[in-house]
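S.K.: File follows, input-v4.txt with compact mmCIF, C-alpha atoms and all ligand atoms:
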```
# COMPACT_ATOMS: atom_id res chain seq x y z
CA MET A 1270 0.00 0.00 0.00
CA ARG A 1271 1.35 3.43 -0.96
CA ILE A 1272 0.00 6.89 -0.49
CA ALA A 1273 1.19 9.41 -3.05
CA ALA A 1274 0.60 13.15 -3.30
CA ARG A 1275 1.56 15.12 -6.37
CA ASP A 1276 1.47 18.88 -6.58
CA LEU A 1277 -1.07 18.84 -3.77
CA ALA A 1278 -2.72 22.08 -2.65
CA ILE A 1279 -4.13 22.15 0.88
CA GLY A 1280 -6.17 24.59 2.91
CA HIS A 1281 -9.39 25.38 4.70
CA GLY A 1282 -12.39 26.35 2.61
CA ARG A 1283 -10.92 28.49 -0.11
CA VAL A 1284 -7.99 29.64 1.99
CA ALA A 1285 -4.86 27.95 0.66
CA ILE A 1286 -2.26 26.95 3.27
CA GLY A 1287 0.18 25.12 1.02
CA SER A 1288 0.71 24.09 -2.57
CA GLY A 1289 3.01 22.12 -4.82
CA LEU A 1290 3.30 19.45 -2.12
CA SER A 1291 4.51 16.03 -3.21
CA LEU A 1292 5.16 13.03 -0.99
CA ASP A 1293 5.23 9.24 -0.99
CA LEU A 1294 4.84 6.78 1.85
CA GLY A 1295 5.00 3.02 1.61
CA PRO A 1296 5.86 -0.04 3.72
CA ASP A 1297 8.93 -0.01 5.99
CA GLU A 1298 9.34 3.76 5.66
CA ILE A 1299 9.30 6.52 8.23
CA VAL A 1300 8.75 10.09 7.11
CA CYS A 1301 9.13 13.01 9.53
CA LEU A 1302 7.22 16.15 8.71
CA LEU A 1303 8.96 19.19 10.15
CA GLY A 1304 7.98 22.83 10.07
CA PRO A 1305 7.23 25.80 12.28
CA ASN A 1306 3.94 26.36 14.13
CA GLY A 1307 1.04 26.99 11.81
CA CYS A 1308 2.84 25.94 8.61
CA GLY A 1309 0.12 23.39 7.80
CA LYS A 1310 1.27 20.01 9.15
CA THR A 1311 -2.11 19.07 10.63
CA THR A 1312 -3.89 20.45 7.56
CA LEU A 1313 -1.71 18.25 5.34
CA PHE A 1314 -2.40 15.18 7.50
CA ARG A 1315 -6.16 15.78 7.52
CA THR A 1316 -6.02 16.11 3.74
CA LEU A 1317 -4.04 12.85 3.41
CA LEU A 1318 -6.69 11.12 5.52
CA GLY A 1319 -9.47 12.39 3.28
CA LEU A 1320 -10.94 14.43 6.17
CA LEU A 1321 -10.35 17.73 4.35
CA PRO A 1322 -10.86 18.15 0.61
CA ARG A 1323 -7.71 18.97 -1.33
CA LEU A 1324 -7.64 22.27 -3.17
CA GLY A 1325 -5.64 20.89 -6.09
CA GLY A 1326 -3.23 18.23 -7.31
CA ARG A 1327 -3.39 14.45 -7.03
CA LEU A 1328 -3.72 12.24 -3.98
CA THR A 1329 -3.85 8.48 -4.39
CA LEU A 1330 -3.84 5.28 -2.37
CA ASP A 1331 -2.29 2.52 -4.45
CA GLY A 1332 -3.16 4.56 -7.53
CA HIS A 1333 -6.81 5.18 -6.52
CA ASP A 1334 -7.95 8.77 -6.06
CA ILE A 1335 -8.62 9.17 -2.32
CA ALA A 1336 -11.56 11.49 -2.99
CA ARG A 1337 -13.35 8.55 -4.65
CA LEU A 1338 -12.82 6.16 -1.74
CA SER A 1339 -15.23 5.88 1.20
CA ARG A 1340 -14.12 6.88 4.73
CA ARG A 1341 -14.10 3.20 5.60
CA GLN A 1342 -11.93 2.24 2.65
CA VAL A 1343 -9.41 4.94 3.58
CA ALA A 1344 -9.51 3.90 7.26
CA ARG A 1345 -8.60 0.34 6.32
CA SER A 1346 -5.43 1.63 4.69
CA VAL A 1347 -4.48 4.69 6.74
CA ALA A 1348 -4.78 5.01 10.53
CA TYR A 1349 -4.63 8.33 12.35
CA VAL A 1350 -2.97 8.85 15.70
CA PRO A 1351 -4.02 12.27 17.00
CA GLN A 1352 -2.45 13.99 19.96
CA ALA A 1353 -3.62 12.39 23.20
CA HIS A 1354 -6.37 14.42 24.86
CA THR A 1355 -8.47 13.49 27.85
CA PRO A 1356 -11.86 12.18 26.65
CA PRO A 1357 -15.04 13.56 28.24
CA PHE A 1358 -16.38 10.04 28.95
CA PRO A 1359 -14.79 7.22 30.91
CA PHE A 1360 -13.39 4.43 28.75
CA ASP A 1361 -11.13 1.52 29.55
CA ALA A 1362 -7.90 1.59 27.54
CA LEU A 1363 -9.12 -1.62 25.85
CA ASP A 1364 -12.35 0.13 24.73
CA VAL A 1365 -10.27 2.91 23.16
CA VAL A 1366 -8.19 0.35 21.25
CA LEU A 1367 -11.36 -1.51 20.18
CA MET A 1368 -12.52 1.71 18.47
CA GLY A 1369 -9.77 0.98 15.96
CA ARG A 1370 -11.75 -2.09 14.88
CA THR A 1371 -14.66 0.12 13.71
CA ALA A 1372 -13.16 0.42 10.23
CA ARG A 1373 -13.27 -3.38 10.03
CA ILE A 1374 -16.58 -4.24 11.71
CA GLY A 1375 -18.77 -1.16 11.12
CA ALA A 1376 -19.74 1.61 13.51
CA PHE A 1377 -22.71 -0.15 15.10
CA ALA A 1378 -21.59 -3.80 15.11
CA GLN A 1379 -20.54 -5.38 18.41
CA PRO A 1380 -16.86 -6.27 18.54
CA SER A 1381 -16.34 -10.04 18.51
CA ALA A 1382 -14.04 -12.08 20.74
CA ALA A 1383 -11.57 -12.00 17.83
CA ASP A 1384 -11.72 -8.18 17.79
CA ARG A 1385 -11.02 -8.08 21.53
CA GLY A 1386 -8.15 -10.49 20.94
CA MET A 1387 -6.71 -8.18 18.29
CA ALA A 1388 -7.05 -5.18 20.58
CA LEU A 1389 -5.26 -6.99 23.40
CA GLN A 1390 -2.57 -8.08 20.97
CA ALA A 1391 -2.06 -4.46 19.88
CA LEU A 1392 -1.65 -3.36 23.52
CA ASP A 1393 0.77 -6.22 24.06
CA ALA A 1394 2.81 -5.26 20.98
CA LEU A 1395 3.36 -1.86 22.54
CA GLY A 1396 4.29 -3.34 25.91
CA ILE A 1397 1.21 -1.99 27.70
CA ALA A 1398 -1.07 -5.07 27.98
CA ASP A 1399 -1.32 -4.36 31.72
CA LEU A 1400 -3.19 -1.12 30.98
CA ALA A 1401 -6.14 -2.88 29.26
CA GLY A 1402 -8.59 -2.50 32.14
CA ARG A 1403 -7.40 0.92 33.30
CA ASP A 1404 -9.45 4.10 32.92
CA TYR A 1405 -7.98 5.82 29.84
CA ALA A 1406 -8.58 9.30 31.28
CA ARG A 1407 -6.43 8.47 34.31
CA LEU A 1408 -3.43 7.27 32.33
CA SER A 1409 -0.34 9.41 31.94
CA GLY A 1410 0.12 11.35 28.70
CA GLY A 1411 2.73 8.85 27.51
CA GLN A 1412 0.52 5.87 28.29
CA ARG A 1413 -2.43 7.51 26.51
CA GLN A 1414 -0.28 8.15 23.46
CA LEU A 1415 0.76 4.48 23.38
CA VAL A 1416 -2.91 3.41 23.70
CA LEU A 1417 -3.76 5.58 20.66
CA ILE A 1418 -0.92 3.96 18.74
CA ALA A 1419 -2.32 0.55 19.79
CA ARG A 1420 -5.70 1.69 18.41
CA ALA A 1421 -4.01 2.39 15.07
CA LEU A 1422 -2.41 -1.08 15.16
CA ALA A 1423 -5.79 -2.70 15.89
CA GLN A 1424 -7.12 -0.91 12.81
CA GLU A 1425 -4.65 -3.07 10.83
CA ALA A 1426 -3.93 -0.22 8.46
CA PRO A 1427 -0.56 -0.51 6.73
CA LEU A 1428 -0.01 3.27 6.83
CA ILE A 1429 -0.09 5.30 10.03
CA VAL A 1430 -0.28 9.09 10.27
CA MET A 1431 0.81 10.48 13.64
CA ASP A 1432 0.26 14.11 14.59
CA GLU A 1433 3.03 15.15 16.98
CA PRO A 1434 3.02 11.83 18.83
CA THR A 1435 5.57 13.04 21.37
CA ALA A 1436 4.10 16.48 22.07
CA SER A 1437 3.55 17.14 25.77
CA LEU A 1438 5.43 14.01 26.82
CA ASP A 1439 8.27 14.06 29.31
CA PHE A 1440 11.76 13.11 28.19
CA GLY A 1441 11.47 9.42 29.12
CA ASN A 1442 8.05 8.94 27.53
CA ARG A 1443 9.21 10.77 24.42
CA LEU A 1444 12.03 8.30 23.98
CA ALA A 1445 9.76 5.32 24.76
CA VAL A 1446 7.18 6.41 22.17
CA LEU A 1447 9.90 7.11 19.60
CA ASP A 1448 11.34 3.66 20.19
CA ARG A 1449 7.93 2.06 19.57
CA ILE A 1450 7.49 4.08 16.38
CA ALA A 1451 10.85 2.79 15.11
CA ALA A 1452 9.71 -0.77 15.92
CA LEU A 1453 6.39 -0.30 14.09
CA ALA A 1454 8.11 0.60 10.84
CA ARG A 1455 11.02 -1.83 11.20
CA PRO A 1456 12.07 -3.50 7.93
CA GLY A 1457 9.74 -6.37 7.09
CA ALA A 1458 6.85 -5.19 9.28
CA GLY A 1459 5.07 -3.89 6.19
CA ARG A 1460 4.06 -0.61 7.80
CA GLY A 1461 4.76 2.95 6.83
CA VAL A 1462 4.62 5.82 9.33
CA ILE A 1463 4.47 9.55 8.73
CA LEU A 1464 4.74 11.71 11.83
CA SER A 1465 4.99 15.39 12.51
CA THR A 1466 7.41 16.66 15.08
CA HIS A 1467 8.94 19.90 16.26
CA ASP A 1468 12.19 18.12 17.08
CA PRO A 1469 14.61 17.60 14.16
CA ASP A 1470 16.68 15.29 16.41
CA GLN A 1471 13.83 12.80 16.24
CA ALA A 1472 14.16 12.61 12.45
CA LEU A 1473 17.91 12.07 12.85
CA ALA A 1474 17.42 9.42 15.58
CA LEU A 1475 14.83 7.53 13.51
CA GLY A 1476 16.95 7.70 10.35
CA ALA A 1477 13.77 8.97 8.73
CA ARG A 1478 13.11 10.66 5.46
CA VAL A 1479 12.35 14.30 6.08
CA LEU A 1480 9.80 16.62 4.57
CA ALA A 1481 10.22 20.19 5.74
CA LEU A 1482 7.29 22.55 5.23
CA SER A 1483 7.73 26.28 5.41
CA GLY A 1484 5.78 29.15 3.90
CA GLY A 1485 3.32 26.71 2.35
CA ARG A 1486 6.01 24.87 0.37
CA ILE A 1487 8.24 21.85 0.85
CA VAL A 1488 11.64 23.40 1.38
CA ALA A 1489 13.57 20.18 1.94
CA ALA A 1490 12.95 16.51 1.20
CA GLY A 1491 15.28 13.56 1.64
CA PRO A 1492 17.17 11.49 4.22
CA ALA A 1493 17.45 13.30 7.57
CA ASP A 1494 21.21 12.90 7.58
CA THR A 1495 21.71 14.81 4.35
CA VAL A 1496 18.77 17.21 4.42
CA LEU A 1497 19.04 18.54 7.97
CA THR A 1498 21.89 21.00 7.69
CA ALA A 1499 22.49 23.89 10.07
CA GLU A 1500 21.71 26.40 7.30
CA ARG A 1501 18.42 24.77 6.41
CA LEU A 1502 17.24 24.37 9.99
CA THR A 1503 18.18 27.97 10.74
CA ALA A 1504 16.16 29.09 7.71
CA ILE A 1505 13.13 26.95 8.67
CA TYR A 1506 12.95 27.87 12.34
CA GLY A 1507 14.35 31.38 12.16
CA VAL A 1508 16.84 30.84 15.00
CA PRO A 1509 20.55 30.06 14.72
CA LEU A 1510 21.17 26.30 14.96
CA THR A 1511 24.15 24.04 14.52
CA VAL A 1512 24.31 20.34 13.65
CA GLU A 1513 27.14 18.44 15.27
CA ARG A 1514 28.38 14.88 15.33
CA THR A 1515 28.68 13.12 18.69
CA ALA A 1516 31.56 10.83 19.68
CA SER A 1517 29.33 7.85 18.85
CA GLY A 1518 28.79 9.19 15.33
CA ARG A 1519 25.21 10.47 15.68
CA ARG A 1520 24.23 13.84 14.32
CA VAL A 1521 22.40 16.13 16.71
CA CYS A 1522 20.90 19.56 16.37
CA LEU A 1523 21.91 22.22 18.88
CA PRO A 1524 20.70 25.75 19.45
CA ALA A 1525 23.15 28.60 19.04
CA LEU A 1526 20.92 30.97 20.98
CA GLN A 1527 21.47 34.71 20.67
CA SER A 1528 18.58 36.31 22.50
CA SER A 1529 18.38 39.24 20.07
CA ALA A 1530 18.09 36.94 17.02
CA ALA A 1531 15.24 34.79 18.33
CA THR A 1532 11.71 35.96 17.57
CA ILE A 1533 8.53 34.19 18.54
CA THR A 1534 6.05 33.82 15.68
N1 LIG B 1601 -10.45 24.75 10.78
C1 LIG B 1601 -9.70 25.74 10.31
N2 LIG B 1601 -10.25 26.73 9.58
C2 LIG B 1601 -9.50 27.74 9.08
N3 LIG B 1601 -8.16 27.83 9.24
C3 LIG B 1601 -7.56 26.87 9.97
C4 LIG B 1601 -8.29 25.78 10.55
N4 LIG B 1601 -7.41 24.97 11.20
C5 LIG B 1601 -6.20 25.54 11.05
N5 LIG B 1601 -6.28 26.67 10.31
C6 LIG B 1601 -5.15 27.55 9.92
O1 LIG B 1601 -4.34 26.82 9.01
C7 LIG B 1601 -2.96 27.10 9.23
C8 LIG B 1601 -2.20 25.82 9.43
O2 LIG B 1601 -2.62 25.20 10.62
P1 LIG B 1601 -2.13 23.77 11.03
O3 LIG B 1601 -2.84 23.39 12.29
O4 LIG B 1601 -2.26 22.85 9.87
O5 LIG B 1601 -0.59 24.02 11.31
P2 LIG B 1601 0.50 23.11 12.05
O6 LIG B 1601 1.73 23.16 11.22
O7 LIG B 1601 -0.09 21.75 12.33
O8 LIG B 1601 0.71 23.92 13.40
P3 LIG B 1601 1.33 23.47 14.82
O9 LIG B 1601 2.76 23.09 14.59
O10 LIG B 1601 1.22 24.74 15.63
O11 LIG B 1601 0.47 22.36 15.36
C9 LIG B 1601 -2.91 28.05 10.43
O12 LIG B 1601 -2.77 29.36 9.94
C10 LIG B 1601 -4.25 27.87 11.10
O13 LIG B 1601 -4.65 29.06 11.74
```
Using structure tokens, write down the structure from this file.

M.R.:
Amino acid sequence: MRIAARDLAIGHGRVAIGSGLSLDLGPDEIVCLLGPNGCGKTTLFRTLLGLLPRLGGRLTLDGHDIARLSRRQVARSVAYVPQAHTPPFPFDALDVVLMGRTARIGAFAQPSAADRGMALQALDALGIADLAGRDYARLSGGQRQLVLIARALAQEAPLIVMDEPTASLDFGNRLAVLDRIAALARPGAGRGVILSTHDPDQALALGARVLALSGGRIVAAGPADTVLTAERLTAIYGVPLTVERTASGRRVCLPALQSSAATIT
């Protein structure tokens, strides 16, 4: 399964947010979408999921125009992991994961024992089977994020779109979630993941392909190691940054803060 966008234009109503956007995602690939606040990352994701109409260009799933596919057909191929918010109603973590089966069994059908088995398996795959019977609203942010990723796994969609999956997580949970994302898209697993992040180091750590959005355009596309240069990151984020190599050979992004040069947008 592959999702492909060509010369895509995105926006809300008639207000264009971005144009000329091209991307590809297939099995065993991780793509990191980078870009400053408000550049259109969520808008792009909602367009990829068929939740927002595109304003132009082509968008296909295995060659089929997404606009011609039903919500259910898209949901069987592409799962969405939103940022973890506290739900207004009490749900067990297992119930939340079972919601991922809706694309398979229909909105009003009762989940079968097999569906519950799949949901438990998804929790287990993320190392959180012990959370199944816990109240979702009372879980930590990191645990909730993992439950939402389990929901995407239970959906059995080969492509997963994650909107800032590590936002609002503490350092340890951020690393734990990142580690699970790497495992999801490991070679041979047959899954592709596209995630947005505000942390270029995550793209470097995942060895991901990068798409950098800025000013409504893709300003960089390619392997994180070659695309994420100090000059480019400085241009994207508007603050001086350096990229350095650690003793162990990893590239990391560091701020070169000069208080007068940094402006909040
Ligand atoms: N429902 C909406 N109707 C109209 N404009 C919207 C709507 N949602 C977002 N926008 C605008 O679209 C632009 C892009 O927003 P979007 O949420 O896609 O950015 P983002 O890159 O995901 O931002 P962030 O990094 O802060 O989460 C912003 O200018 C925002 O104000």

S.K.: For chain A versus ligand LIG 1601 (chain B), which residues have an atom no more than 12 Å away, and what is each residue's nearest atom pair and distance in Å rounded to one decimal, using only C-alpha atoms and all ligand atoms, chain-then-number order, as CSV?

M.R.:
```
residue,atom,partner,partner_atom,distance
A:Ile1279,CA,B:LIG1601,O4,9.2
A:Gly1280,CA,B:LIG1601,O1,6.7
A:His1281,CA,B:LIG1601,C2,5.0
A:Gly1282,CA,B:LIG1601,C2,7.2
A:Arg1283,CA,B:LIG1601,C2,9.3
A:Val1284,CA,B:LIG1601,N3,7.5
A:Ala1285,CA,B:LIG1601,O1,8.4
A:Ile1286,CA,B:LIG1601,C7,6.0
A:Gly1287,CA,B:LIG1601,C8,8.8
A:Leu1302,CA,B:LIG1601,O6,9.3
A:Leu1303,CA,B:LIG1601,O6,8.3
A:Gly1304,CA,B:LIG1601,O6,6.4
A:Pro1305,CA,B:LIG1601,O9,5.7
A:Asn1306,CA,B:LIG1601,O10,3.5
A:Gly1307,CA,B:LIG1601,O5,3.4
A:Cys1308,CA,B:LIG1601,O6,4.0
A:Gly1309,CA,B:LIG1601,O4,3.2
A:Lys1310,CA,B:LIG1601,O6,3.8
A:Thr1311,CA,B:LIG1601,O7,3.8
A:Thr1312,CA,B:LIG1601,O4,3.7
A:Leu1313,CA,B:LIG1601,O4,6.5
A:Phe1314,CA,B:LIG1601,O4,8.0
A:Arg1315,CA,B:LIG1601,O4,8.4
A:Thr1316,CA,B:LIG1601,O4,9.9
A:Leu1320,CA,B:LIG1601,N1,11.3
A:Leu1321,CA,B:LIG1601,N1,9.5
A:Pro1351,CA,B:LIG1601,O11,11.2
A:Gln1352,CA,B:LIG1601,O11,10.0
A:Met1431,CA,B:LIG1601,O7,11.4
A:Asp1432,CA,B:LIG1601,O7,8.0
A:Glu1433,CA,B:LIG1601,O11,7.8
A:Pro1434,CA,B:LIG1601,O11,11.4
A:Ala1436,CA,B:LIG1601,O11,9.6
A:Leu1464,CA,B:LIG1601,O7,11.2
A:Ser1465,CA,B:LIG1601,O7,8.1
A:Thr1466,CA,B:LIG1601,O9,8.0
A:His1467,CA,B:LIG1601,O9,7.2
A:Asp1468,CA,B:LIG1601,O9,10.9
A:Ala1481,CA,B:LIG1601,O6,10.5
A:Leu1482,CA,B:LIG1601,O6,8.2
A:Ser1483,CA,B:LIG1601,O6,8.9
A:Gly1484,CA,B:LIG1601,C8,10.3
A:Gly1485,CA,B:LIG1601,C8,9.0
A:Arg1486,CA,B:LIG1601,O6,11.8
A:Tyr1506,CA,B:LIG1601,O9,11.5
A:Thr1534,CA,B:LIG1601,O10,10.3
```

S.K.: Which of these, A:Asp1361, A:Glu1513, A:Asp1439, A:Asp1393, has the shortest distance to A:Gly1411 once you count only C-alpha atoms?

M.R.: A:Asp1439

S.K.: I want to know what sits within 8 Å of A:Ala1336, based on all atoms listed in the file, with residues of the same chain fewer than 5 positions away left out; could you give that as a PyMOL selection string?

M.R.: chain A and resi 1319+1322+1328

S.K.: Compare A:Arg1407, A:Ala1401, A:Leu1338, A:Gln1424 by their minimum atom-to-atom distance to A:Met1368, counting only C-alpha atoms, and give me the closest one.

M.R.: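 Comparing A:Arg1407, A:Ala1401, A:Leu1338, A:Gln1424 against A:Met1368, the winner is A:Gln1424.
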
S.K.: Report, in Å with one decimal, the straight-line distance from atom CA of A:Leu1318 to atom CA of A:Thr1435.

M.R.: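 Separation of atom CA of A:Leu1318 and atom CA of A:Thr1435: 20.1 Å.
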
S.K.: Find, counting only C-alpha atoms, the residue in A:Arg1341, A:Arg1501, A:His1354, A:Arg1478 that gets nearest to A:Ala1426.

M.R.: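 Smallest separation from A:Ala1426 among the options: A:Arg1341.
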
S.K.: Quote the spacing between atom CA of A:Ile1397 and atom CA of A:Asp1470 in Å to one decimal place.

M.R.: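 These two atoms are separated by 25.8 Å.
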
S.K.: Which residue is closest to A:Ser1339? Choose from A:Ala1372, A:Leu1290, A:Ala1353, A:Val1416 and count only C-alpha atoms.

M.R.: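 Counting only C-alpha atoms, the residue closest to A:Ser1339 is A:Ala1372.
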
S.K.: Kindly provide, as a short mmCIF file (atom, residue, chain, number, x, y, z; two decimals) with C-alpha atoms, in the frame of the given file, the polymer residues lying within 12 Å of (-11.5, -6.8, 20.3), counting all atoms listed in the file and using the coordinates exactly as they appear in the file.

M.R.:
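Printed below is selection-v2.cif as written:
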```
data_model
loop_
_atom_site.label_atom_id
_atom_site.label_comp_id
_atom_site.auth_asym_id
_atom_site.auth_seq_id
_atom_site.Cartn_x
_atom_site.Cartn_y
_atom_site.Cartn_z
CA ALA A 1362 -7.90 1.59 27.54
CA LEU A 1363 -9.12 -1.62 25.85
CA ASP A 1364 -12.35 0.13 24.73
CA VAL A 1365 -10.27 2.91 23.16
CA VAL A 1366 -8.19 0.35 21.25
CA LEU A 1367 -11.36 -1.51 20.18
CA MET A 1368 -12.52 1.71 18.47
CA GLY A 1369 -9.77 0.98 15.96
CA ARG A 1370 -11.75 -2.09 14.88
CA THR A 1371 -14.66 0.12 13.71
CA ARG A 1373 -13.27 -3.38 10.03
CA ILE A 1374 -16.58 -4.24 11.71
CA ALA A 1378 -21.59 -3.80 15.11
CA GLN A 1379 -20.54 -5.38 18.41
CA PRO A 1380 -16.86 -6.27 18.54
CA SER A 1381 -16.34 -10.04 18.51
CA ALA A 1382 -14.04 -12.08 20.74
CA ALA A 1383 -11.57 -12.00 17.83
CA ASP A 1384 -11.72 -8.18 17.79
CA ARG A 1385 -11.02 -8.08 21.53
CA GLY A 1386 -8.15 -10.49 20.94
CA MET A 1387 -6.71 -8.18 18.29
CA ALA A 1388 -7.05 -5.18 20.58
CA LEU A 1389 -5.26 -6.99 23.40
CA GLN A 1390 -2.57 -8.08 20.97
CA ALA A 1391 -2.06 -4.46 19.88
CA LEU A 1392 -1.65 -3.36 23.52
CA ALA A 1401 -6.14 -2.88 29.26
CA ALA A 1419 -2.32 0.55 19.79
CA ARG A 1420 -5.70 1.69 18.41
CA LEU A 1422 -2.41 -1.08 15.16
CA ALA A 1423 -5.79 -2.70 15.89
CA GLN A 1424 -7.12 -0.91 12.81
#
```

S.K.: Using all atoms listed in the file, which of A:Arg1337, A:Arg1455, A:Arg1449, A:Arg1271 sits nearest A:Ala1394?

M.R.: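 Among the listed residues, the smallest separation from A:Ala1394 belongs to A:Arg1449.
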
S.K.: Kindly indicate which residue among A:Ala1273, A:Leu1294, A:Leu1453, A:Val1462 lies nearest to A:His1333, using all atoms listed in the file for the distances.

M.R.: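 The answer is A:Ala1273, which sits nearest to A:His1333.
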
S.K.: In Å, with one decimal, what is the gap from atom CA of A:Gln1412 to atom CA of A:Ala1344?

M.R.: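 Going from atom CA of A:Gln1412 over to atom CA of A:Ala1344 covers 23.4 Å.
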
S.K.: I need every residue sitting at most 8 Å from the point (10.4, 12.1, 7.0) (coordinates as in the file, all atoms listed in the file considered), written as number ranges by chain.

M.R.: A: 1299-1303, 1463-1464, 1472, 1477-1480, 1490-1493
